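Okay, input-v4.cif now, which holds mmCIF, C-alpha atoms:
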data_target
loop_
_atom_site.label_atom_id
_atom_site.label_comp_id
_atom_site.auth_asym_id
_atom_site.auth_seq_id
_atom_site.Cartn_x
_atom_site.Cartn_y
_atom_site.Cartn_z
CA MET A 1 9.78 41.27 32.97
CA VAL A 2 11.94 43.65 34.94
CA HIS A 3 8.79 45.45 35.98
CA THR A 4 7.22 42.28 37.34
CA SER A 5 10.40 41.57 39.27
CA LEU A 6 10.25 45.08 40.72
CA ASP A 7 6.81 44.21 42.05
CA VAL A 8 8.27 41.14 43.71
CA VAL A 9 11.02 43.29 45.25
CA ASP A 10 8.44 45.66 46.68
CA GLU A 11 6.53 42.73 48.06
CA LYS A 12 9.61 41.37 49.79
CA ILE A 13 10.51 44.75 51.26
CA SER A 14 7.09 45.31 52.73
CA ALA A 15 7.02 41.75 54.05
CA MET A 16 10.35 42.37 55.77
CA GLY A 17 8.99 45.40 57.57
CA LYS A 18 5.87 43.73 58.87
CA ALA A 19 7.04 40.23 59.71
CA LEU A 20 9.71 41.40 62.21
CA VAL A 21 12.01 38.85 60.69
CA ASP A 22 15.54 38.81 62.05
CA GLN A 23 16.98 38.51 58.62
CA ARG A 24 17.16 42.13 57.59
CA GLU A 25 19.65 41.48 54.85
CA LEU A 26 20.14 43.74 51.91
CA TYR A 27 20.44 40.84 49.52
CA LEU A 28 17.02 39.60 48.46
CA GLY A 29 18.00 36.44 46.66
CA LEU A 30 16.35 34.76 43.71
CA LEU A 31 13.20 36.69 42.96
CA TYR A 32 11.56 34.16 40.73
CA PRO A 33 12.75 31.84 38.00
CA THR A 34 11.15 31.87 34.59
CA GLU A 35 11.87 29.60 31.66
CA ASP A 36 14.76 31.48 30.16
CA TYR A 37 15.97 33.80 32.87
CA LYS A 38 16.65 34.07 36.55
CA VAL A 39 16.17 37.40 38.27
CA TYR A 40 18.06 38.45 41.42
CA GLY A 41 17.35 41.45 43.60
CA TYR A 42 19.24 43.63 46.07
CA VAL A 43 18.05 46.72 47.89
CA THR A 44 20.19 49.34 49.61
CA ASN A 45 19.44 51.32 52.76
CA SER A 46 18.68 54.26 50.53
CA LYS A 47 15.91 52.26 48.87
CA VAL A 48 17.84 51.91 45.62
CA LYS A 49 17.04 48.60 44.01
CA PHE A 50 19.41 46.58 41.87
CA VAL A 51 17.90 43.93 39.63
CA MET A 52 20.08 41.40 37.85
CA VAL A 53 18.75 39.21 35.04
CA VAL A 54 20.77 36.10 34.26
CA ASP A 55 20.39 33.62 31.43
CA SER A 56 19.30 30.29 32.87
CA SER A 57 21.72 28.36 30.68
CA ASN A 58 24.47 29.75 32.85
CA THR A 59 23.88 27.33 35.70
CA ALA A 60 27.42 27.62 37.01
CA LEU A 61 26.63 30.85 38.85
CA ARG A 62 26.70 30.30 42.60
CA ASP A 63 24.95 32.32 45.26
CA ASN A 64 28.16 33.86 46.61
CA GLU A 65 29.15 34.97 43.14
CA ILE A 66 25.86 36.82 42.77
CA ARG A 67 26.30 38.34 46.22
CA SER A 68 29.79 39.56 45.39
CA MET A 69 28.54 41.02 42.10
CA PHE A 70 25.87 42.96 43.97
CA ARG A 71 28.45 44.14 46.48
CA LYS A 72 30.66 45.46 43.64
CA LEU A 73 27.62 47.12 42.07
CA HIS A 74 26.75 48.78 45.38
CA ASN A 75 30.31 50.04 45.83
CA SER A 76 30.43 51.48 42.32
CA TYR A 77 27.03 53.07 42.78
CA THR A 78 28.25 54.69 46.01
CA ASP A 79 31.24 56.08 44.13
CA VAL A 80 28.92 57.52 41.49
CA MET A 81 26.83 59.18 44.22
CA CYS A 82 29.92 60.80 45.71
CA ASN A 83 30.92 62.34 42.40
CA PRO A 84 30.13 66.05 42.72
CA PHE A 85 29.21 66.26 39.04
CA TYR A 86 26.47 63.73 39.48
CA ASN A 87 23.00 64.90 40.53
CA PRO A 88 21.08 62.18 42.35
CA GLY A 89 18.18 61.01 40.23
CA ASP A 90 19.85 61.55 36.87
CA ARG A 91 20.75 58.78 34.50
CA ILE A 92 24.21 57.47 35.39
CA GLN A 93 26.75 58.56 32.81
CA SER A 94 29.92 57.59 34.62
CA ARG A 95 32.32 55.71 32.37
CA ALA A 96 34.00 54.08 35.35
CA PHE A 97 30.66 52.64 36.44
CA ASP A 98 29.91 51.39 32.92
CA SER A 99 33.30 49.74 32.53
CA MET A 100 32.97 48.04 35.92
CA VAL A 101 29.58 46.64 34.98
CA THR A 102 30.78 45.48 31.56
CA SER A 103 33.84 43.76 33.01
CA MET A 104 31.61 41.99 35.56
CA MET A 105 29.27 40.74 32.85
CA VAL A 106 32.14 39.58 30.66
CA GLN A 107 33.62 37.67 33.58
CA VAL A 108 30.42 35.71 33.96
CA CYS A 109 29.79 34.80 30.29
CA MET B 1 43.45 62.24 62.49
CA ALA B 2 44.50 65.16 60.35
CA ASP B 3 41.19 64.76 58.51
CA ALA B 4 39.31 66.42 61.34
CA ALA B 5 41.58 69.47 61.38
CA LEU B 6 41.46 69.70 57.57
CA PHE B 7 37.69 69.62 57.55
CA GLU B 8 37.47 72.29 60.27
CA PHE B 9 39.80 74.65 58.40
CA LEU B 10 38.05 74.04 55.09
CA HIS B 11 34.69 74.70 56.71
CA THR B 12 35.89 77.92 58.35
CA GLU B 13 37.24 79.13 55.02
CA MET B 14 33.99 78.23 53.25
CA VAL B 15 32.00 80.35 55.66
CA ALA B 16 34.48 83.23 55.47
CA GLU B 17 34.55 83.12 51.67
CA LEU B 18 30.79 83.10 51.28
CA TRP B 19 30.45 85.97 53.72
CA ALA B 20 33.23 88.07 52.17
CA HIS B 21 31.81 88.02 48.65
CA ASP B 22 28.42 88.94 49.87
CA SER B 23 28.71 92.72 50.16
CA ASP B 24 24.96 92.95 50.58
CA PRO B 25 24.49 93.21 54.34
CA SER B 26 20.69 93.13 54.19
CA PRO B 27 18.85 90.07 55.53
CA GLY B 28 18.13 88.93 51.93
CA GLY B 29 21.82 88.64 51.09
CA GLN B 30 22.65 86.83 54.28
CA LYS B 31 19.93 84.30 53.67
CA MET B 32 21.45 83.54 50.26
CA SER B 33 24.80 82.68 51.80
CA LEU B 34 23.17 80.55 54.46
CA SER B 35 21.19 78.63 51.87
CA VAL B 36 24.29 78.10 49.72
CA LEU B 37 26.06 76.62 52.74
CA GLU B 38 23.03 74.49 53.54
CA GLY B 39 22.86 73.31 49.94
CA MET B 40 26.50 72.23 50.03
CA GLY B 41 25.89 70.33 53.23
CA PHE B 42 22.84 68.71 51.63
CA ARG B 43 24.80 67.29 48.69
CA VAL B 44 27.54 66.01 51.00
CA GLY B 45 24.90 64.50 53.26
CA GLN B 46 23.35 62.69 50.30
CA ALA B 47 26.67 61.10 49.41
CA LEU B 48 27.39 60.18 53.05
CA GLY B 49 23.93 58.69 53.39
CA GLU B 50 24.81 56.36 50.56
CA ARG B 51 28.31 55.47 51.69
CA LEU B 52 28.01 55.04 55.45
CA PRO B 53 25.24 52.49 56.01
CA ARG B 54 26.97 50.12 53.59
CA GLU B 55 27.17 46.80 55.34
CA MET B 56 24.49 47.59 57.86
CA LEU B 57 21.20 45.86 58.01
CA ALA B 58 18.16 47.69 56.76
CA PHE B 59 16.72 50.32 59.09
CA ARG B 60 13.53 49.13 60.67
CA GLU B 61 11.97 52.50 61.46
CA GLU B 62 12.52 56.26 61.62
CA LEU B 63 14.04 56.19 65.08
CA ASP B 64 16.72 53.78 63.84
CA VAL B 65 17.66 56.26 61.14
CA LEU B 66 17.95 59.06 63.69
CA LYS B 67 20.06 56.87 65.95
CA PHE B 68 22.28 56.11 62.98
CA LEU B 69 22.71 59.87 62.43
CA CYS B 70 23.60 60.48 66.06
CA LYS B 71 26.05 57.63 66.31
CA ASP B 72 27.61 56.62 62.99
CA LEU B 73 27.27 59.82 60.97
CA TRP B 74 28.45 62.07 63.80
CA VAL B 75 31.40 59.80 64.55
CA ALA B 76 32.40 59.68 60.88
CA VAL B 77 32.31 63.45 60.47
CA PHE B 78 33.13 64.80 63.95
CA GLN B 79 34.83 61.84 65.68
CA LYS B 80 32.33 61.88 68.52
CA GLN B 81 28.75 60.84 69.10
CA MET B 82 25.83 63.18 69.55
CA ASP B 83 25.22 63.83 73.22
CA SER B 84 21.47 63.49 73.33
CA LEU B 85 18.49 62.68 71.15
CA ARG B 86 14.97 63.60 72.18
CA THR B 87 11.70 63.15 70.36
CA ASN B 88 8.06 63.96 70.76
CA HIS B 89 7.19 60.78 68.83
CA GLN B 90 5.26 62.91 66.39
CA GLY B 91 7.95 63.59 63.85
CA THR B 92 10.11 66.09 65.72
CA TYR B 93 13.55 65.21 67.00
CA VAL B 94 16.02 67.37 68.90
CA LEU B 95 19.66 66.39 68.63
CA GLN B 96 21.92 68.01 71.17
CA ASP B 97 25.68 68.29 71.01
CA ASN B 98 27.28 69.78 74.12
CA SER B 99 30.58 70.57 72.53
CA PHE B 100 30.12 70.84 68.81
CA PRO B 101 33.57 70.54 67.19
CA LEU B 102 33.00 73.36 64.71
CA LEU B 103 32.13 75.76 67.57
CA VAL B 104 34.49 74.52 70.25
CA ARG B 105 37.42 76.61 69.05
CA MET B 106 35.39 79.81 68.97
CA ALA B 107 34.23 80.54 72.46
CA SER B 108 32.78 79.03 75.56
CA GLY B 109 29.74 80.98 76.65
CA GLN B 110 27.84 83.89 75.22
CA GLN B 111 30.56 85.47 73.14
CA TYR B 112 30.10 85.28 69.33
CA LEU B 113 26.53 84.05 69.72
CA GLU B 114 25.38 86.03 66.64
CA GLU B 115 28.10 84.52 64.45
CA ALA B 116 27.27 80.95 65.37
CA PRO B 117 24.39 80.31 62.88
CA LYS B 118 26.66 80.62 59.84
CA PHE B 119 28.82 77.85 61.19
CA LEU B 120 25.85 75.56 61.65
CA ALA B 121 24.24 75.95 58.22
CA PHE B 122 26.47 73.38 56.52
CA THR B 123 25.79 70.81 59.23
CA CYS B 124 22.03 71.35 59.00
CA GLY B 125 22.28 70.61 55.30
CA LEU B 126 24.42 67.55 56.06
CA LEU B 127 21.71 66.11 58.29
CA ARG B 128 18.95 66.93 55.80
CA GLY B 129 20.91 65.35 52.93
CA ALA B 130 21.64 62.13 54.77
CA LEU B 131 17.99 61.85 55.82
CA SER B 132 16.83 62.42 52.27
CA THR B 133 19.02 59.59 50.88
CA LEU B 134 17.61 57.31 53.54
CA GLY B 135 14.12 58.19 52.38
CA ILE B 136 13.03 60.79 54.91
CA LYS B 137 12.04 64.32 53.91
CA SER B 138 12.77 66.76 56.68
CA LEU B 139 13.51 70.29 57.72
CA VAL B 140 16.56 70.85 59.90
CA THR B 141 17.24 73.99 61.93
CA ALA B 142 19.90 74.73 64.50
CA SER B 143 19.94 76.84 67.60
CA VAL B 144 22.65 77.89 70.02
CA ALA B 145 22.08 79.05 73.57
CA ALA B 146 25.67 79.03 74.73
CA LEU B 147 28.70 78.00 72.72
CA PRO B 148 29.85 75.34 72.11
CA ALA B 149 26.62 73.51 72.85
CA CYS B 150 24.04 73.50 70.08
CA LYS B 151 20.78 71.82 69.21
CA PHE B 152 19.63 70.58 65.83
CA GLN B 153 15.91 70.30 65.40
CA VAL B 154 14.71 67.81 62.78
CA VAL B 155 11.08 68.02 61.71
CA ILE B 156 9.91 65.19 59.47
CA GLN B 157 7.76 66.35 56.58
CA LYS B 158 4.90 64.01 55.98
CA SER B 159 3.94 64.17 52.31
#
How does this structure look as structure tokens?
Amino acid sequence: MVHTSLDVVDEKISAMGKALVDQRELYLGLLYPTEDYKVYGYVTNSKVKFVMVVDSSNTALRDNEIRSMFRKLHNSYTDVMCNPFYNPGDRIQSRAFDSMVTSMMVQVC
Amino acid sequence: MADAALFEFLHTEMVAELWAHDSDPSPGGQKMSLSVLEGMGFRVGQALGERLPREMLAFREELDVLKFLCKDLWVAVFQKQMDSLRTNHQGTYVLQDNSFPLLVRMASGQQYLEEAPKFLAFTCGLLRGALSTLGIKSLVTASVAALPACKFQVVIQKS
């Protein structure tokens, strides 16, 4: 399911380039809703894509909350990149990053 | 404001340190030191390429990325913008800085021309690293005709 949503992300990115749309936002919005889950996407200037899968029963999640979660994710990812012990492309093993993500998920549930 | 001075001193020491340890004066040894410096710049560039464009809108095309390098990256690292950007529209860009901060304290003219390349290696790596995070593979070289003006040539590698 995450793979299908990645296809949708790619579609949106290529559409953005061709359509000369003014809205060149990093936040891609709701990718597509399925029965049980909602998938949200966000792409950075360095072409790193964040995909968030949310349980549909959690209808209290507003758009700004998702946006702020993505912003926090982006900030933590940037911190991971700046860590000299991290080689870009490796699996992220930073405990700070993990704890930030876990605390975000706990906040939502 | 002290950041700029700190970076300059650190950079000067880096170059001095890498040159001192390298007792092998042959061209092979020198190239090693230059590539170590370039590699350091590359990693720093990668991190900067992730951190700087944060709230900016997505780059529409290659030229936007180069403009970002000349304006935002240069201002963040050297507190000034690049003086000129030229392109042949076929993947080669020449970035010119008429008073490059890392060379400004050295000389003003032809003196120390042979020493200049070592002080540019880190910055070449910086540019290459930032470009690579933003999705562009490139080769960056620098040339100096008269200190403190220098040119960085960026050639985009089409895969």
For CA of Leu73 in chain A and CA of Met104 in chain A, the interatomic separation in Å (one decimal):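 A separation of 9.2 Å between them.
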Return the neighbours of chain A among the residues of chain B, cut-off 9 Å, counting only C-alpha atoms, as a short mmCIF file (atom, residue, chain, number, x, y, z; two decimals) with C-alpha atoms, in the frame of the given file.
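The file below, part-v5.cif, is the result:
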data_model
loop_
_atom_site.label_atom_id
_atom_site.label_comp_id
_atom_site.auth_asym_id
_atom_site.auth_seq_id
_atom_site.Cartn_x
_atom_site.Cartn_y
_atom_site.Cartn_z
CA ARG B 43 24.80 67.29 48.69
CA VAL B 44 27.54 66.01 51.00
CA GLN B 46 23.35 62.69 50.30
CA ALA B 47 26.67 61.10 49.41
CA LEU B 48 27.39 60.18 53.05
CA GLY B 49 23.93 58.69 53.39
CA GLU B 50 24.81 56.36 50.56
CA ARG B 51 28.31 55.47 51.69
CA PRO B 53 25.24 52.49 56.01
CA ARG B 54 26.97 50.12 53.59
CA GLU B 55 27.17 46.80 55.34
CA MET B 56 24.49 47.59 57.86
CA LEU B 57 21.20 45.86 58.01
CA ALA B 58 18.16 47.69 56.76
CA PHE B 59 16.72 50.32 59.09
CA ARG B 60 13.53 49.13 60.67
CA GLU B 61 11.97 52.50 61.46
CA SER B 132 16.83 62.42 52.27
CA THR B 133 19.02 59.59 50.88
CA LEU B 134 17.61 57.31 53.54
CA GLY B 135 14.12 58.19 52.38
#
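CA of Lys118 in chain B is found 18.5 Å from CA of Leu6 in chain B.
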Which of B:Ala149, B:Asp72, B:Phe78, B:Thr92 sits closest to Ala107 in chain B [using only C-alpha atoms]: B:Ala149
Distance in Å - CA of Asn88 in chain B versus CA of Ala142 in chain B: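 About the pair CA of Asn88 in chain B and CA of Ala142 in chain B: they are 17.2 Å apart.
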